[in-house]
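> As input, take upload-v8.pdb (PDB, C-alpha atoms):
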```
ATOM      1  CA  MET E 173      14.431 -19.523 -15.212  1.00  0.00           C
ATOM      2  CA  SER E 174      17.952 -18.043 -15.312  1.00  0.00           C
ATOM      3  CA  PRO E 175      19.458 -16.033 -12.430  1.00  0.00           C
ATOM      4  CA  ASP E 176      19.295 -12.908 -14.606  1.00  0.00           C
ATOM      5  CA  SER E 177      15.579 -13.506 -15.185  1.00  0.00           C
ATOM      6  CA  ASP E 178      15.028 -13.977 -11.452  1.00  0.00           C
ATOM      7  CA  ASP E 179      16.848 -10.721 -10.727  1.00  0.00           C
ATOM      8  CA  GLN E 180      14.776  -8.881 -13.305  1.00  0.00           C
ATOM      9  CA  ARG E 181      11.545 -10.242 -11.848  1.00  0.00           C
ATOM     10  CA  VAL E 182      12.538  -9.138  -8.354  1.00  0.00           C
ATOM     11  CA  ALA E 183      13.516  -5.670  -9.614  1.00  0.00           C
ATOM     12  CA  GLU E 184      10.212  -5.298 -11.465  1.00  0.00           C
ATOM     13  CA  ARG E 185       8.251  -6.374  -8.383  1.00  0.00           C
ATOM     14  CA  ARG E 186      10.031  -3.896  -6.138  1.00  0.00           C
ATOM     15  CA  GLY E 187       9.624  -1.175  -8.710  1.00  0.00           C
ATOM     16  CA  ARG E 188       5.843  -1.327  -8.380  1.00  0.00           C
ATOM     17  CA  PHE E 189       5.897  -0.114  -4.789  1.00  0.00           C
ATOM     18  CA  ASP E 190       6.406   3.538  -3.882  1.00  0.00           C
ATOM     19  CA  CYS E 191       7.465   3.638  -0.235  1.00  0.00           C
ATOM     20  CA  ARG E 192       8.072   7.372   0.188  1.00  0.00           C
ATOM     21  CA  LEU E 193       5.196   7.749   2.673  1.00  0.00           C
ATOM     22  CA  TYR E 194       3.989   4.517   4.244  1.00  0.00           C
ATOM     23  CA  PHE E 195       0.972   4.752   6.556  1.00  0.00           C
ATOM     24  CA  VAL E 196       0.584   1.956   9.108  1.00  0.00           C
ATOM     25  CA  THR E 197      -2.965   1.907  10.443  1.00  0.00           C
ATOM     26  CA  ASP E 198      -3.837   1.860  14.129  1.00  0.00           C
ATOM     27  CA  PRO E 199      -6.732  -0.229  15.530  1.00  0.00           C
ATOM     28  CA  SER E 200      -7.651   2.700  17.780  1.00  0.00           C
ATOM     29  CA  LEU E 201      -9.054   4.445  14.717  1.00  0.00           C
ATOM     30  CA  GLY E 202     -12.069   2.138  14.865  1.00  0.00           C
ATOM     31  CA  PRO E 203     -14.773   3.176  12.389  1.00  0.00           C
ATOM     32  CA  ARG E 204     -12.703   6.238  11.421  1.00  0.00           C
ATOM     33  CA  LEU E 205     -10.178   3.949   9.739  1.00  0.00           C
ATOM     34  CA  PHE E 206     -11.597   4.201   6.236  1.00  0.00           C
ATOM     35  CA  ASP E 207     -12.087   7.973   6.216  1.00  0.00           C
ATOM     36  CA  THR E 208      -8.605   8.422   7.696  1.00  0.00           C
ATOM     37  CA  VAL E 209      -6.985   6.268   5.025  1.00  0.00           C
ATOM     38  CA  GLU E 210      -8.856   8.051   2.254  1.00  0.00           C
ATOM     39  CA  ALA E 211      -7.806  11.452   3.609  1.00  0.00           C
ATOM     40  CA  ALA E 212      -4.210  10.312   4.086  1.00  0.00           C
ATOM     41  CA  VAL E 213      -3.980   9.087   0.510  1.00  0.00           C
ATOM     42  CA  ALA E 214      -5.431  12.387  -0.725  1.00  0.00           C
ATOM     43  CA  GLY E 215      -2.643  14.096   1.199  1.00  0.00           C
ATOM     44  CA  GLY E 216       0.128  12.034  -0.361  1.00  0.00           C
ATOM     45  CA  VAL E 217       0.417   8.605   1.287  1.00  0.00           C
ATOM     46  CA  THR E 218       1.935   6.161  -1.213  1.00  0.00           C
ATOM     47  CA  LEU E 219       1.596   2.826   0.624  1.00  0.00           C
ATOM     48  CA  VAL E 220      -0.770   1.566   3.349  1.00  0.00           C
ATOM     49  CA  GLN E 221      -0.305  -1.254   5.815  1.00  0.00           C
ATOM     50  CA  LEU E 222      -3.287  -2.719   7.650  1.00  0.00           C
ATOM     51  CA  ARG E 223      -2.103  -3.600  11.142  1.00  0.00           C
ATOM     52  CA  ASP E 224      -4.352  -5.102  13.820  1.00  0.00           C
ATOM     53  CA  LYS E 225      -2.764  -7.730  16.044  1.00  0.00           C
ATOM     54  CA  HIS E 226      -5.999  -8.745  17.738  1.00  0.00           C
ATOM     55  CA  ALA E 227      -8.588  -8.864  14.942  1.00  0.00           C
ATOM     56  CA  SER E 228      -9.721 -12.261  13.702  1.00  0.00           C
ATOM     57  CA  ASP E 229      -8.630 -13.369  10.244  1.00  0.00           C
ATOM     58  CA  ARG E 230     -12.208 -13.036   9.021  1.00  0.00           C
ATOM     59  CA  ALA E 231     -12.566  -9.482  10.309  1.00  0.00           C
ATOM     60  CA  LEU E 232      -9.165  -8.542   8.904  1.00  0.00           C
ATOM     61  CA  VAL E 233     -10.061  -9.900   5.465  1.00  0.00           C
ATOM     62  CA  GLU E 234     -13.240  -7.828   5.428  1.00  0.00           C
ATOM     63  CA  THR E 235     -11.374  -4.700   6.487  1.00  0.00           C
ATOM     64  CA  ALA E 236      -8.629  -5.309   3.951  1.00  0.00           C
ATOM     65  CA  ARG E 237     -11.144  -5.702   1.145  1.00  0.00           C
ATOM     66  CA  ARG E 238     -12.800  -2.394   2.028  1.00  0.00           C
ATOM     67  CA  LEU E 239      -9.434  -0.673   2.144  1.00  0.00           C
ATOM     68  CA  LYS E 240      -8.412  -2.223  -1.155  1.00  0.00           C
ATOM     69  CA  ALA E 241     -11.546  -0.785  -2.758  1.00  0.00           C
ATOM     70  CA  ILE E 242     -10.644   2.675  -1.414  1.00  0.00           C
ATOM     71  CA  LEU E 243      -7.000   2.481  -2.491  1.00  0.00           C
ATOM     72  CA  LYS E 244      -7.267   0.871  -5.902  1.00  0.00           C
ATOM     73  CA  PRO E 245      -8.563   3.969  -7.763  1.00  0.00           C
ATOM     74  CA  HIS E 246      -5.559   5.894  -6.427  1.00  0.00           C
ATOM     75  CA  GLY E 247      -3.053   3.207  -7.382  1.00  0.00           C
ATOM     76  CA  VAL E 248      -1.906   2.870  -3.763  1.00  0.00           C
ATOM     77  CA  PRO E 249      -0.964  -0.670  -2.693  1.00  0.00           C
ATOM     78  CA  LEU E 250      -2.266  -2.330   0.462  1.00  0.00           C
ATOM     79  CA  ILE E 251       0.007  -4.432   2.676  1.00  0.00           C
ATOM     80  CA  VAL E 252      -1.253  -6.671   5.500  1.00  0.00           C
ATOM     81  CA  ASN E 253       0.749  -6.963   8.696  1.00  0.00           C
ATOM     82  CA  ASP E 254       1.908 -10.446   9.759  1.00  0.00           C
ATOM     83  CA  ARG E 255      -0.779 -12.573   8.069  1.00  0.00           C
ATOM     84  CA  PRO E 256       0.105 -13.704   4.542  1.00  0.00           C
ATOM     85  CA  ARG E 257      -2.989 -15.872   4.154  1.00  0.00           C
ATOM     86  CA  VAL E 258      -5.226 -12.900   4.963  1.00  0.00           C
ATOM     87  CA  ALA E 259      -3.305 -10.871   2.382  1.00  0.00           C
ATOM     88  CA  VAL E 260      -3.970 -13.511  -0.280  1.00  0.00           C
ATOM     89  CA  GLU E 261      -7.650 -13.950   0.580  1.00  0.00           C
ATOM     90  CA  ALA E 262      -8.265 -10.203   0.615  1.00  0.00           C
ATOM     91  CA  GLY E 263      -6.411  -9.569  -2.635  1.00  0.00           C
ATOM     92  CA  ALA E 264      -3.883  -7.305  -0.896  1.00  0.00           C
ATOM     93  CA  ASP E 265      -0.607  -6.400  -2.580  1.00  0.00           C
ATOM     94  CA  GLY E 266       1.716  -7.880  -0.006  1.00  0.00           C
ATOM     95  CA  VAL E 267       2.561  -8.712   3.581  1.00  0.00           C
ATOM     96  CA  HIS E 268       4.896  -7.324   6.219  1.00  0.00           C
ATOM     97  CA  VAL E 269       6.294  -9.603   8.929  1.00  0.00           C
ATOM     98  CA  GLY E 270       8.035  -8.792  12.172  1.00  0.00           C
ATOM     99  CA  GLN E 271      11.084 -10.568  13.534  1.00  0.00           C
ATOM    100  CA  THR E 272       8.964 -12.669  15.892  1.00  0.00           C
ATOM    101  CA  ASP E 273       5.737 -12.735  13.884  1.00  0.00           C
ATOM    102  CA  GLY E 274       6.535 -14.931  10.915  1.00  0.00           C
ATOM    103  CA  ASP E 275       9.110 -16.293   8.511  1.00  0.00           C
ATOM    104  CA  PRO E 276       9.611 -14.138   5.401  1.00  0.00           C
ATOM    105  CA  VAL E 277      10.499 -17.208   3.312  1.00  0.00           C
ATOM    106  CA  GLU E 278       7.243 -18.900   4.308  1.00  0.00           C
ATOM    107  CA  ALA E 279       5.367 -15.651   3.720  1.00  0.00           C
ATOM    108  CA  ARG E 280       6.828 -15.495   0.208  1.00  0.00           C
ATOM    109  CA  ARG E 281       5.708 -19.063  -0.458  1.00  0.00           C
ATOM    110  CA  ILE E 282       2.150 -18.149   0.537  1.00  0.00           C
ATOM    111  CA  VAL E 283       1.770 -14.804  -1.243  1.00  0.00           C
ATOM    112  CA  GLY E 284       3.632 -15.792  -4.403  1.00  0.00           C
ATOM    113  CA  GLY E 285       6.231 -14.119  -6.537  1.00  0.00           C
ATOM    114  CA  GLU E 286       4.376 -10.920  -7.444  1.00  0.00           C
ATOM    115  CA  ALA E 287       3.464  -9.659  -3.973  1.00  0.00           C
ATOM    116  CA  LEU E 288       5.649  -7.501  -1.768  1.00  0.00           C
ATOM    117  CA  VAL E 289       7.235  -9.037   1.344  1.00  0.00           C
ATOM    118  CA  GLY E 290       8.499  -6.599   3.952  1.00  0.00           C
ATOM    119  CA  LEU E 291      10.511  -7.420   7.060  1.00  0.00           C
ATOM    120  CA  SER E 292      11.043  -5.505  10.299  1.00  0.00           C
ATOM    121  CA  ILE E 293      14.570  -4.814  11.511  1.00  0.00           C
ATOM    122  CA  THR E 294      14.926  -3.688  15.114  1.00  0.00           C
ATOM    123  CA  HIS E 295      18.699  -3.917  15.572  1.00  0.00           C
ATOM    124  CA  ALA E 296      21.738  -4.173  13.336  1.00  0.00           C
ATOM    125  CA  GLY E 297      22.476  -7.762  14.379  1.00  0.00           C
ATOM    126  CA  GLN E 298      19.472  -8.922  12.331  1.00  0.00           C
ATOM    127  CA  LEU E 299      20.817  -7.591   9.047  1.00  0.00           C
ATOM    128  CA  PRO E 300      23.228 -10.412   8.054  1.00  0.00           C
ATOM    129  CA  SER E 301      20.520 -13.093   8.143  1.00  0.00           C
ATOM    130  CA  ILE E 302      18.045 -11.365   5.806  1.00  0.00           C
ATOM    131  CA  PRO E 303      17.059 -13.521   2.799  1.00  0.00           C
ATOM    132  CA  ARG E 304      17.669 -10.728   0.306  1.00  0.00           C
ATOM    133  CA  ALA E 305      16.158 -12.483  -2.713  1.00  0.00           C
ATOM    134  CA  THR E 306      12.940 -13.005  -0.722  1.00  0.00           C
ATOM    135  CA  VAL E 307      12.486  -9.710   1.083  1.00  0.00           C
ATOM    136  CA  ASP E 308      11.610  -6.594  -0.915  1.00  0.00           C
ATOM    137  CA  MET E 309      11.647  -3.920   1.749  1.00  0.00           C
ATOM    138  CA  LEU E 310      13.017  -3.386   5.244  1.00  0.00           C
ATOM    139  CA  GLY E 311      11.065  -1.569   7.919  1.00  0.00           C
ATOM    140  CA  VAL E 312      13.877  -0.288  10.129  1.00  0.00           C
ATOM    141  CA  GLY E 313      13.352   1.093  13.601  1.00  0.00           C
ATOM    142  CA  PRO E 314      12.398   2.510  15.888  1.00  0.00           C
ATOM    143  CA  VAL E 315      14.679   5.261  14.657  1.00  0.00           C
ATOM    144  CA  PHE E 316      13.608   7.621  17.444  1.00  0.00           C
ATOM    145  CA  PRO E 317      11.788   6.964  20.732  1.00  0.00           C
ATOM    146  CA  THR E 318       8.122   6.209  20.155  1.00  0.00           C
ATOM    147  CA  GLY E 319       5.043   5.731  22.276  1.00  0.00           C
ATOM    148  CA  THR E 320       3.070   3.902  19.590  1.00  0.00           C
ATOM    149  CA  LYS E 321       4.472   0.487  20.535  1.00  0.00           C
ATOM    150  CA  PRO E 322       4.998   0.029  24.303  1.00  0.00           C
ATOM    151  CA  ASP E 323       7.266  -2.977  23.632  1.00  0.00           C
ATOM    152  CA  ALA E 324       9.404  -1.192  21.037  1.00  0.00           C
ATOM    153  CA  ALA E 325      13.120  -1.924  20.921  1.00  0.00           C
ATOM    154  CA  GLU E 326      15.807   0.603  21.728  1.00  0.00           C
ATOM    155  CA  PRO E 327      16.023   3.381  19.107  1.00  0.00           C
ATOM    156  CA  MET E 328      18.441   2.603  16.270  1.00  0.00           C
ATOM    157  CA  GLY E 329      19.087   6.212  15.393  1.00  0.00           C
ATOM    158  CA  LEU E 330      20.169   7.509  12.010  1.00  0.00           C
ATOM    159  CA  ASP E 331      23.238   5.257  12.062  1.00  0.00           C
ATOM    160  CA  GLY E 332      20.903   2.264  12.051  1.00  0.00           C
ATOM    161  CA  ILE E 333      19.328   3.533   8.832  1.00  0.00           C
ATOM    162  CA  GLY E 334      22.755   3.879   7.248  1.00  0.00           C
ATOM    163  CA  ALA E 335      23.730   0.327   8.201  1.00  0.00           C
ATOM    164  CA  ALA E 336      20.529  -1.112   6.711  1.00  0.00           C
ATOM    165  CA  THR E 337      20.887   0.730   3.415  1.00  0.00           C
ATOM    166  CA  ARG E 338      24.202  -1.020   2.741  1.00  0.00           C
ATOM    167  CA  LEU E 339      22.298  -4.217   1.955  1.00  0.00           C
ATOM    168  CA  GLY E 340      20.929  -2.636  -1.202  1.00  0.00           C
ATOM    169  CA  LEU E 341      17.252  -3.117  -0.289  1.00  0.00           C
ATOM    170  CA  PRO E 342      14.697  -0.326  -0.004  1.00  0.00           C
ATOM    171  CA  VAL E 343      14.658   0.895   3.596  1.00  0.00           C
ATOM    172  CA  VAL E 344      11.637   2.465   5.235  1.00  0.00           C
ATOM    173  CA  ALA E 345      12.332   4.166   8.541  1.00  0.00           C
ATOM    174  CA  ILE E 346       9.767   3.912  11.330  1.00  0.00           C
ATOM    175  CA  GLY E 347       9.450   5.029  14.913  1.00  0.00           C
ATOM    176  CA  GLY E 348       9.030   8.538  16.262  1.00  0.00           C
ATOM    177  CA  ILE E 349       9.047  10.111  12.805  1.00  0.00           C
ATOM    178  CA  ASP E 350       7.159  13.318  12.096  1.00  0.00           C
ATOM    179  CA  ALA E 351       7.330  16.257   9.710  1.00  0.00           C
ATOM    180  CA  GLY E 352      10.059  17.828  11.789  1.00  0.00           C
ATOM    181  CA  ASN E 353      12.571  14.968  11.546  1.00  0.00           C
ATOM    182  CA  ALA E 354      11.511  13.171   8.362  1.00  0.00           C
ATOM    183  CA  ALA E 355      14.097  14.975   6.249  1.00  0.00           C
ATOM    184  CA  SER E 356      16.961  13.796   8.457  1.00  0.00           C
ATOM    185  CA  VAL E 357      15.830  10.198   8.037  1.00  0.00           C
ATOM    186  CA  VAL E 358      15.729  10.466   4.259  1.00  0.00           C
ATOM    187  CA  ARG E 359      19.106  12.169   4.222  1.00  0.00           C
ATOM    188  CA  ALA E 360      20.463   9.215   6.210  1.00  0.00           C
ATOM    189  CA  GLY E 361      19.560   6.961   3.280  1.00  0.00           C
ATOM    190  CA  ALA E 362      15.978   5.833   3.827  1.00  0.00           C
ATOM    191  CA  SER E 363      13.833   5.365   0.727  1.00  0.00           C
ATOM    192  CA  GLY E 364      10.846   6.543   2.697  1.00  0.00           C
ATOM    193  CA  ILE E 365       9.213   6.896   6.088  1.00  0.00           C
ATOM    194  CA  ALA E 366       6.528   4.876   7.828  1.00  0.00           C
ATOM    195  CA  VAL E 367       4.253   6.573  10.338  1.00  0.00           C
ATOM    196  CA  VAL E 368       1.368   5.639  12.579  1.00  0.00           C
ATOM    197  CA  SER E 369       0.395   8.391  15.010  1.00  0.00           C
ATOM    198  CA  ALA E 370       1.731  11.222  12.839  1.00  0.00           C
ATOM    199  CA  ILE E 371      -1.303  10.581  10.625  1.00  0.00           C
ATOM    200  CA  ALA E 372      -3.669   8.439  12.733  1.00  0.00           C
ATOM    201  CA  GLY E 373      -3.471  10.872  15.644  1.00  0.00           C
ATOM    202  CA  ALA E 374      -3.649  14.044  13.579  1.00  0.00           C
ATOM    203  CA  PRO E 375      -6.814  16.179  13.620  1.00  0.00           C
ATOM    204  CA  ASP E 376      -6.464  16.578   9.844  1.00  0.00           C
ATOM    205  CA  PRO E 377      -4.924  13.400   8.344  1.00  0.00           C
ATOM    206  CA  ARG E 378      -4.843  14.850   4.843  1.00  0.00           C
ATOM    207  CA  ARG E 379      -2.879  17.905   5.930  1.00  0.00           C
ATOM    208  CA  ALA E 380      -0.575  15.761   8.084  1.00  0.00           C
ATOM    209  CA  ALA E 381       0.198  13.481   5.149  1.00  0.00           C
ATOM    210  CA  ALA E 382       0.847  16.471   2.890  1.00  0.00           C
ATOM    211  CA  ARG E 383       3.368  17.925   5.353  1.00  0.00           C
ATOM    212  CA  LEU E 384       5.135  14.559   5.636  1.00  0.00           C
ATOM    213  CA  ILE E 385       5.419  13.956   1.906  1.00  0.00           C
ATOM    214  CA  ASP E 386       6.644  17.530   1.418  1.00  0.00           C
ATOM    215  CA  ALA E 387       9.398  16.887   3.988  1.00  0.00           C
ATOM    216  CA  VAL E 388      10.394  13.652   2.236  1.00  0.00           C
ATOM    217  CA  GLU E 389      10.427  15.224  -1.198  1.00  0.00           C
ATOM    218  CA  SER E 390      12.378  18.263  -0.030  1.00  0.00           C
ATOM    219  CA  ALA E 391      15.062  16.017   1.463  1.00  0.00           C
ATOM    220  CA  ARG E 392      15.295  13.962  -1.719  1.00  0.00           C
ATOM    221  CA  LEU E 393      15.885  17.118  -3.765  1.00  0.00           C
ATOM    222  CA  LEU E 394      18.766  18.360  -1.649  1.00  0.00           C
ATOM    223  CA  PRO E 395      22.255  17.637  -2.997  1.00  0.00           C
ATOM    224  CA  SER E 396      24.201  14.873  -1.250  1.00  0.00           C
TER     225      SER E 396
END
```
Can the structure in the file be given as structure tokens, please?


Amino acid sequence: MSPDSDDQRVAERRGRFDCRLYFVTDPSLGPRLFDTVEAAVAGGVTLVQLRDKHASDRALVETARRLKAILKPHGVPLIVNDRPRVAVEAGADGVHVGQTDGDPVEARRIVGGEALVGLSITHAGQLPSIPRATVDMLGVGPVFPTGTKPDAAEPMGLDGIGAATRLGLPVVAIGGIDAGNAASVVRAGASGIAVVSAIAGAPDPRRAAARLIDAVESARLLPS
């Protein structure tokens, strides 16, 4: 296959994923997980990541399959956090790996050429070593202080988003993002926002998602 063909394949793969509003699930949802995801998608979520650091592979596969069944009629892809083999077994659409949770090149080998591979970026020093032909999307943050992850790195701020966008990969901002600051993140260059508690902790996940996607869309419509 020629380099041009490889580039086209990568572009087509990335083009299948809409990252404007990326919901990362929280294990604290428990049995409410499925209703929350369904409501969030009805409100405007465009991409869902199943994240549970402590679940067994078997349990995660079962959960992923149930989520996939919920999401498929809406055309919303499902990404699995950290575990590429679970993603393959469950028929998920991709995998997201953290800096200390897996090798994106190995993840690509496992999930194949059609699945999405995302990578977390927690400080600007990680940007030069990204395998850009392998990784499809960067999850950059925390942008703002966040209580969702007690071990979160220092906030990167809006300047961190700007630095990541210069690589030419889709950038999804995460960390402390809500409807009040989402527009500033998009204006800084992010392709979309990723949230956990802004939806998982909301009394009305559908309404919360709708407010978030409205903020993203409004920022995208403003002139540069």

> Residues within 12 Å of Asp178 in chain E, please, as a list of chain:residue names. Count only C-alpha atoms; anything in the same chain fewer than 4 positions from it doesn't count.

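So, after excluding close chain neighbours, the residues are E:Met173, E:Ser174, E:Val182, E:Ala183, E:Glu184, E:Arg185, E:Gly285, E:Glu286, E:Ala305, E:Thr306.
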
> So which one's closest to Gln221 in chain E, E:Ala366, E:Met309, E:Ala262, E:Leu291? Using all atoms listed in the file, please.

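Result for the nearest residue to Gln221 in chain E: E:Ala366.
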
> What do you get, as an mmCIF file with C-alpha atoms, in the coordinates of the input, if you spell out every residue that the PyMOL selection byres ((chain E and resi 248) around 12) selects here?


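Result file follows (out-v4.cif):
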```cif
data_model
loop_
_atom_site.group_PDB
_atom_site.id
_atom_site.type_symbol
_atom_site.label_atom_id
_atom_site.label_comp_id
_atom_site.auth_asym_id
_atom_site.auth_seq_id
_atom_site.Cartn_x
_atom_site.Cartn_y
_atom_site.Cartn_z
ATOM 1 C CA ARG E 188 5.843 -1.327 -8.380
ATOM 2 C CA PHE E 189 5.897 -0.114 -4.789
ATOM 3 C CA ASP E 190 6.406 3.538 -3.882
ATOM 4 C CA CYS E 191 7.465 3.638 -0.235
ATOM 5 C CA ARG E 192 8.072 7.372 0.188
ATOM 6 C CA LEU E 193 5.196 7.749 2.673
ATOM 7 C CA TYR E 194 3.989 4.517 4.244
ATOM 8 C CA PHE E 195 0.972 4.752 6.556
ATOM 9 C CA VAL E 209 -6.985 6.268 5.025
ATOM 10 C CA GLU E 210 -8.856 8.051 2.254
ATOM 11 C CA ALA E 212 -4.210 10.312 4.086
ATOM 12 C CA VAL E 213 -3.980 9.087 0.510
ATOM 13 C CA ALA E 214 -5.431 12.387 -0.725
ATOM 14 C CA GLY E 216 0.128 12.034 -0.361
ATOM 15 C CA VAL E 217 0.417 8.605 1.287
ATOM 16 C CA THR E 218 1.935 6.161 -1.213
ATOM 17 C CA LEU E 219 1.596 2.826 0.624
ATOM 18 C CA VAL E 220 -0.770 1.566 3.349
ATOM 19 C CA GLN E 221 -0.305 -1.254 5.815
ATOM 20 C CA LEU E 239 -9.434 -0.673 2.144
ATOM 21 C CA LYS E 240 -8.412 -2.223 -1.155
ATOM 22 C CA ALA E 241 -11.546 -0.785 -2.758
ATOM 23 C CA ILE E 242 -10.644 2.675 -1.414
ATOM 24 C CA LEU E 243 -7.000 2.481 -2.491
ATOM 25 C CA LYS E 244 -7.267 0.871 -5.902
ATOM 26 C CA PRO E 245 -8.563 3.969 -7.763
ATOM 27 C CA HIS E 246 -5.559 5.894 -6.427
ATOM 28 C CA GLY E 247 -3.053 3.207 -7.382
ATOM 29 C CA PRO E 249 -0.964 -0.670 -2.693
ATOM 30 C CA LEU E 250 -2.266 -2.330 0.462
ATOM 31 C CA ILE E 251 0.007 -4.432 2.676
ATOM 32 C CA ALA E 264 -3.883 -7.305 -0.896
ATOM 33 C CA ASP E 265 -0.607 -6.400 -2.580
ATOM 34 C CA GLY E 266 1.716 -7.880 -0.006
#
```

> Grab the CA of Gly348 in chain E to CA of Pro317 in chain E distance for me, in Å with one decimal place.

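Answer for the CA of Gly348 in chain E to CA of Pro317 in chain E separation: 5.5 Å.
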
> For each of E:Met328, E:Arg237, E:Pro342, E:Ile385, take the minimum atom-to-atom distance to Val367 in chain E, counting all atoms listed in the file, then give the residue where this is smallest.

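Ranked by minimum distance to Val367 in chain E, first place goes to E:Ile385.
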
> Between CA of Ala355 in chain E and CA of Ala391 in chain E, what distance in Å does the model show, to one decimal?

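These two atoms are separated by 5.0 Å.
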
> How many Å lie between CA of Val344 in chain E and CA of Pro314 in chain E, rounded to one decimal?

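Separating CA of Val344 in chain E from CA of Pro314 in chain E is a distance of 10.7 Å.
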
> For Lys225 in chain E, which residue among E:Arg255, E:Leu201, E:Thr208, E:Phe316 is the nearest when counting only C-alpha atoms?

E:Arg255

> Taking into account all atoms listed in the file, which residue in the set E:Pro300, E:Gly329, E:Gly215, E:Gly373 is nearest to Val196 in chain E?

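That would be E:Gly373, the residue with the smallest distance to Val196 in chain E.
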
> Applied to the shown file, which residues does the PyMOL selection byres ((chain E and resi 358) around 10) return, written as a compact mmCIF listing (two decimals) with C-alpha atoms, in the coordinates of the input?


```
# COMPACT_ATOMS: atom_id res chain seq x y z
CA ARG E 192 8.07 7.37 0.19
CA LEU E 330 20.17 7.51 12.01
CA ILE E 333 19.33 3.53 8.83
CA VAL E 343 14.66 0.90 3.60
CA VAL E 344 11.64 2.46 5.24
CA ALA E 345 12.33 4.17 8.54
CA ASN E 353 12.57 14.97 11.55
CA ALA E 354 11.51 13.17 8.36
CA ALA E 355 14.10 14.98 6.25
CA SER E 356 16.96 13.80 8.46
CA VAL E 357 15.83 10.20 8.04
CA ARG E 359 19.11 12.17 4.22
CA ALA E 360 20.46 9.22 6.21
CA GLY E 361 19.56 6.96 3.28
CA ALA E 362 15.98 5.83 3.83
CA SER E 363 13.83 5.36 0.73
CA GLY E 364 10.85 6.54 2.70
CA ILE E 365 9.21 6.90 6.09
CA ALA E 387 9.40 16.89 3.99
CA VAL E 388 10.39 13.65 2.24
CA GLU E 389 10.43 15.22 -1.20
CA SER E 390 12.38 18.26 -0.03
CA ALA E 391 15.06 16.02 1.46
CA ARG E 392 15.30 13.96 -1.72
```

> Convert the output of the PyMOL selection byres ((chain E and resi 294) around 6) on the shown file into explicit residues, formatted as a list in words.

Ile293, His295 and Gly313 of chain E

> Closest to Ala279 in chain E among E:Arg378, E:Arg230, E:Arg338, E:Arg257, using only C-alpha atoms?

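The shortest atom-to-atom distance to Ala279 in chain E comes from E:Arg257.
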
> I'd like to know which of E:Ala381, E:Ile302, E:Val368, E:Val260 is closest to Ile282 in chain E, using all atoms listed in the file.

E:Val260

> Considering all atoms listed in the file, return as a list in words whatever protein or nucleic-acid residues lie within 10 Å of Gly274 in chain E, sequence-local ones (same chain, fewer than 3 positions apart) excluded.

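Close residues of Gly274 in chain E: Asp254, Arg255, Pro256, His268, Val269, Gly270, Gln271, Val277, Glu278, Ala279 and Leu291 of chain E.
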
> Keeping only C-alpha atoms, write the selected residues to a file as a short mmCIF file (atom, residue, chain, number, x, y, z; two decimals), in the coordinates of the input.


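The file below, selection-v9.cif, is the result:
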```cif
data_model
loop_
_atom_site.label_atom_id
_atom_site.label_comp_id
_atom_site.auth_asym_id
_atom_site.auth_seq_id
_atom_site.Cartn_x
_atom_site.Cartn_y
_atom_site.Cartn_z
CA ASP E 254 1.91 -10.45 9.76
CA ARG E 255 -0.78 -12.57 8.07
CA PRO E 256 0.10 -13.70 4.54
CA HIS E 268 4.90 -7.32 6.22
CA VAL E 269 6.29 -9.60 8.93
CA GLY E 270 8.04 -8.79 12.17
CA GLN E 271 11.08 -10.57 13.53
CA VAL E 277 10.50 -17.21 3.31
CA GLU E 278 7.24 -18.90 4.31
CA ALA E 279 5.37 -15.65 3.72
CA LEU E 291 10.51 -7.42 7.06
#
```

> Find the residues around Gly202 in chain E up to 12 Å (all atoms listed in the file counted), leave out those fewer than 5 positions away in its own chain, and share them as a list in words.

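Close residues of Gly202 in chain E: Thr197, Asp207, Thr208, Val209, Asp224, Ala227, Thr235 and Ala372 of chain E.
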
> Save range 329-338 of chain E to disk from that block, N, CA and C atoms included, as a tab-separated table (two decimals), in the first residue's frame.


```tsv
chain	number	residue	atom	x	y	z
E	329	GLY	N	-4.31	24.13	31.29
E	329	GLY	CA	-4.84	25.41	30.85
E	329	GLY	C	-5.14	25.44	29.36
E	330	LEU	N	-5.63	26.56	28.90
E	330	LEU	CA	-5.97	26.71	27.48
E	330	LEU	C	-4.73	26.71	26.60
E	331	ASP	N	-3.59	27.15	27.14
E	331	ASP	CA	-2.36	27.12	26.36
E	331	ASP	C	-1.97	25.68	26.02
E	332	GLY	N	-2.26	24.75	26.92
E	332	GLY	CA	-1.96	23.35	26.66
E	332	GLY	C	-2.77	22.81	25.49
E	333	ILE	N	-4.02	23.27	25.37
E	333	ILE	CA	-4.85	22.88	24.22
E	333	ILE	C	-4.22	23.40	22.94
E	334	GLY	N	-3.82	24.66	22.95
E	334	GLY	CA	-3.21	25.25	21.76
E	334	GLY	C	-1.97	24.52	21.32
E	335	ALA	N	-1.11	24.12	22.28
E	335	ALA	CA	0.11	23.40	21.94
E	335	ALA	C	-0.21	22.05	21.30
E	336	ALA	N	-1.22	21.35	21.82
E	336	ALA	CA	-1.56	20.03	21.28
E	336	ALA	C	-2.15	20.12	19.88
E	337	THR	N	-2.90	21.16	19.61
E	337	THR	CA	-3.53	21.26	18.28
E	337	THR	C	-2.51	21.44	17.17
E	338	ARG	N	-1.31	21.90	17.49
E	338	ARG	CA	-0.30	22.12	16.46
E	338	ARG	C	0.22	20.83	15.84
```
